[in-house]
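Novice: To start, I am sharing the structure in question, which I have written as structure tokens.
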Amino acid sequence: MLKEREGKYNVLEKEISDLKELITVLSESEIEDKIEEVERQVSDFKIEILLNGEYDRGNAILSIKSGAGGRDAEDWTCLLIEMYKRYCSLRGWTHSIVSESFGEGGGPEGRIGLKEVSIEIKGKMAYGFLKKETGIHRLVRISPFSSKDLRHTSFSSVEVLPEIKGDIDIELKEEDLKIETCKSSGHGGQNVNKRETAIRIIHTPTGLSASSQKERMQSRNREQALKILKAKLYLRKEQEKEDELNRVKDKKAPVEFGHQIRSYVLHPYTLVKDHRTNVETSNVDNVLNGNLDLFIQKEISL
């Protein structure tokens with residue numbers, strides 16, 4: 001308990017220090033080229049104050065699964081994971097692949113489709129900033145797989161989990177776990193493990209599953225998959241509480257992965273629109289290059 005209090009004290013002390021530094025910059029920033037940086041710092045500081053959830057200040061695991069749309073959806077999953085990787089880079093966060101399942105090749109620029117992919121993101125406030133990206137992301141474009149240049153709609157679901165450290169009130173019974181092993185996947189026959197080190201764990205009572213193939217040892221992948229599964233069960237428990245609260249308040253709660261949160265239209269016009277906040281921009285390329293703060297900061301501030 002004392003260690004936890006010391007940790008919280010250090011976080012608050014750092015925020016006070018950052019605020020003092022910001023005030024100093026504001027008092028000295030009469031030069032034009034400092035204004036943009038100061039505005040960004042002010043915006044980030046406001047967001048950090050709002051992110052006060054239990055795991056908001058920690059790391060995250062972001063997963064994307066292709067939905068309706070076949071090869072187009074698998075290619076859309078590729079575009080989405082690259083978008084989030086670029087956002088991580090812009091924020092100064094690091095990321096690494098936890099697991100990936102490849103689809104068919106032959107996509108634009110030689111891309112190989114992704115059926116599912118998970119990355120671990122490490123950085124300040126990673127979960128807090130990304131948690132509301134969970135949901136269905138819809139793409140409308142001229143299909144690169146269509147010989148007749150037909151317009152196609154694809155869907156991929158994004159799930160963001162917190163990195164949960166220490167003990168949480170989630171019980172995993174061994175008899176409820178179905179454990180599958182396989183060789184780590186790869187594309188083009190390259191970088192594929194010859195031993196079955198990849199792990200997939202299915203929680204049979206709920207149907208939730210988690211995979212890991214990032215480690216060379218099966219035992220380490222099992223630990224990682226169990227950590228992800230516990231995070232999924234934790235969020236499921238929290239969602240059930242929220243659903244019950246919304247039911248009491250006579251409000252309809254959104255169903256995880258069951259609602260479309262954002263549309264990315266490339267044809268017949270260009271537009272990215274968030275359906276929760278109505279924030280939109282016609283600069284689709286900018287968004288796909290990782291510039292997501294326009295949407296993320298608005299959603300956090302609601």
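Letters A, B, ... go to the chains of the structure tokens in the order shown; residues in each chain start at 1; ligands are counted from 1 in the same order.
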I need the residues of region 55-251 of chain A that end up classed as helix (DSSP H, G or I) by DSSP on the backbone, written out as a PyMOL selection string.
Specialist: chain A and resi 70-91+108-110+126-133+174-176+218-248
Novice: As a ChimeraX atom specification, which residues of region 42-85 of chain A does DSSP assign to strand (DSSP E)?
Specialist: /A:60-66
Novice: Take the residues just selected and output them with N, CA and C atoms as an mmCIF file, in the first residue's frame.
Specialist:
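Written file, out.cif:
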data_model
loop_
_atom_site.group_PDB
_atom_site.id
_atom_site.type_symbol
_atom_site.label_atom_id
_atom_site.label_comp_id
_atom_site.auth_asym_id
_atom_site.auth_seq_id
_atom_site.Cartn_x
_atom_site.Cartn_y
_atom_site.Cartn_z
ATOM 1 N N ALA A 60 -0.816 -0.319 -23.151
ATOM 2 C CA ALA A 60 -2.027 -0.872 -23.765
ATOM 3 C C ALA A 60 -1.688 -2.002 -24.727
ATOM 4 N N ILE A 61 -2.694 -2.823 -24.981
ATOM 5 C CA ILE A 61 -2.605 -3.838 -26.034
ATOM 6 C C ILE A 61 -3.736 -3.555 -27.014
ATOM 7 N N LEU A 62 -3.373 -3.292 -28.254
ATOM 8 C CA LEU A 62 -4.351 -2.945 -29.286
ATOM 9 C C LEU A 62 -4.463 -4.097 -30.289
ATOM 10 N N SER A 63 -5.685 -4.561 -30.500
ATOM 11 C CA SER A 63 -5.930 -5.665 -31.431
ATOM 12 C C SER A 63 -6.906 -5.234 -32.514
ATOM 13 N N ILE A 64 -6.670 -5.712 -33.724
ATOM 14 C CA ILE A 64 -7.572 -5.424 -34.849
ATOM 15 C C ILE A 64 -7.929 -6.740 -35.519
ATOM 16 N N LYS A 65 -9.214 -6.920 -35.805
ATOM 17 C CA LYS A 65 -9.692 -8.135 -36.453
ATOM 18 C C LYS A 65 -10.500 -7.743 -37.686
ATOM 19 N N SER A 66 -10.176 -8.338 -38.828
ATOM 20 C CA SER A 66 -10.922 -8.028 -40.053
ATOM 21 C C SER A 66 -12.319 -8.619 -39.971
#
Novice: Give me, please, the distance in Å between CA of Val140 (chain A) and CA of Leu90 (chain A), quoted to one decimal.
Specialist: 25.9 Å
Novice: Of the candidates A:Val265, A:Ala198, A:Glu175, A:Leu19, which one gets nearest to Arg220 (chain A) if we count only C-alpha atoms?
Specialist: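 Smallest separation from Arg220 (chain A) among the options: A:Ala198.
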Novice: For Glu159 (chain A), find every residue with an atom within 10 Å (counting only C-alpha atoms), except residues of its own chain fewer than 2 positions away, and show them as a short mmCIF file (atom, residue, chain, number, x, y, z; two decimals) with N, CA and C atoms, in the first residue's frame.
Specialist:
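Output contents, as saved in result-v2.cif:
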data_model
loop_
_atom_site.label_atom_id
_atom_site.label_comp_id
_atom_site.auth_asym_id
_atom_site.auth_seq_id
_atom_site.Cartn_x
_atom_site.Cartn_y
_atom_site.Cartn_z
N ILE A 61 -2.69 -2.82 -24.98
CA ILE A 61 -2.60 -3.84 -26.03
C ILE A 61 -3.74 -3.55 -27.01
N LEU A 62 -3.37 -3.29 -28.25
CA LEU A 62 -4.35 -2.95 -29.29
C LEU A 62 -4.46 -4.10 -30.29
N SER A 63 -5.68 -4.56 -30.50
CA SER A 63 -5.93 -5.66 -31.43
C SER A 63 -6.91 -5.23 -32.51
N ILE A 64 -6.67 -5.71 -33.72
CA ILE A 64 -7.57 -5.42 -34.85
C ILE A 64 -7.93 -6.74 -35.52
N LYS A 65 -9.21 -6.92 -35.80
CA LYS A 65 -9.69 -8.14 -36.45
C LYS A 65 -10.50 -7.74 -37.69
N SER A 118 -2.29 -8.12 -33.09
CA SER A 118 -2.25 -7.47 -31.79
C SER A 118 -0.86 -6.88 -31.57
N LEU A 130 -5.95 5.71 -26.05
CA LEU A 130 -6.43 4.80 -27.10
C LEU A 130 -7.70 4.03 -26.74
N LYS A 131 -8.09 4.02 -25.48
CA LYS A 131 -9.16 3.11 -25.06
C LYS A 131 -10.48 3.32 -25.81
N LYS A 132 -10.77 4.55 -26.22
CA LYS A 132 -12.04 4.80 -26.90
C LYS A 132 -11.96 4.59 -28.41
N GLU A 133 -10.83 4.04 -28.87
CA GLU A 133 -10.73 3.62 -30.27
C GLU A 133 -11.41 2.27 -30.48
N THR A 134 -11.79 1.61 -29.39
CA THR A 134 -12.48 0.32 -29.47
C THR A 134 -13.80 0.47 -30.22
N GLY A 135 -14.02 -0.40 -31.20
CA GLY A 135 -15.26 -0.38 -31.96
C GLY A 135 -15.02 -0.74 -33.42
N ILE A 136 -16.05 -0.56 -34.23
CA ILE A 136 -15.99 -0.90 -35.65
C ILE A 136 -15.49 0.31 -36.46
N SER A 157 -12.68 -4.52 -36.68
CA SER A 157 -12.95 -4.16 -35.29
C SER A 157 -11.66 -3.94 -34.54
N LEU A 161 -6.98 -2.91 -24.85
CA LEU A 161 -6.98 -3.44 -23.49
C LEU A 161 -5.89 -2.76 -22.67
N LYS A 232 -9.16 -8.91 -20.80
CA LYS A 232 -10.44 -9.01 -21.50
C LYS A 232 -11.58 -9.32 -20.52
N GLU A 256 -19.99 -3.62 -27.19
CA GLU A 256 -18.60 -3.67 -27.62
C GLU A 256 -18.51 -4.38 -28.95
N PHE A 257 -17.79 -3.79 -29.89
CA PHE A 257 -17.60 -4.31 -31.24
C PHE A 257 -18.89 -4.34 -32.05
#
Novice: When you count only C-alpha atoms, which of these residues is closest to Tyr55 (chain A): A:Asp18, A:Glu163, A:Glu82, A:Glu100?
Specialist: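 Using only C-alpha atoms, the shortest distance to Tyr55 (chain A) belongs to A:Glu163.
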Novice: Excluding same-chain residues fewer than 4 positions from Arg138 (chain A), what lies within 6 Å of it counting only C-alpha atoms, as JSON, numbers by chain?
Specialist: {"A": [154, 155, 263]}
Novice: Figure out the distance between CA of Thr281 (chain A) and CA of Arg86 (chain A), please, to one decimal in Å.
Specialist: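 Distance between the two atoms: 18.3 Å.
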Novice: Near Leu271 (chain A), within 12 Å and counting only C-alpha atoms, which residues show up once chain neighbours fewer than 2 positions away are dropped, as a ChimeraX atom specification?
Specialist: /A:138-141,262-269,273-274,278-288
Novice: Between A:Cys78, A:Ile300, A:Cys182, A:Leu150, which has the minimum distance to Lys46 (chain A) (counting only C-alpha atoms)?
Specialist: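 Selected residue with least distance to Lys46 (chain A): A:Ile300.
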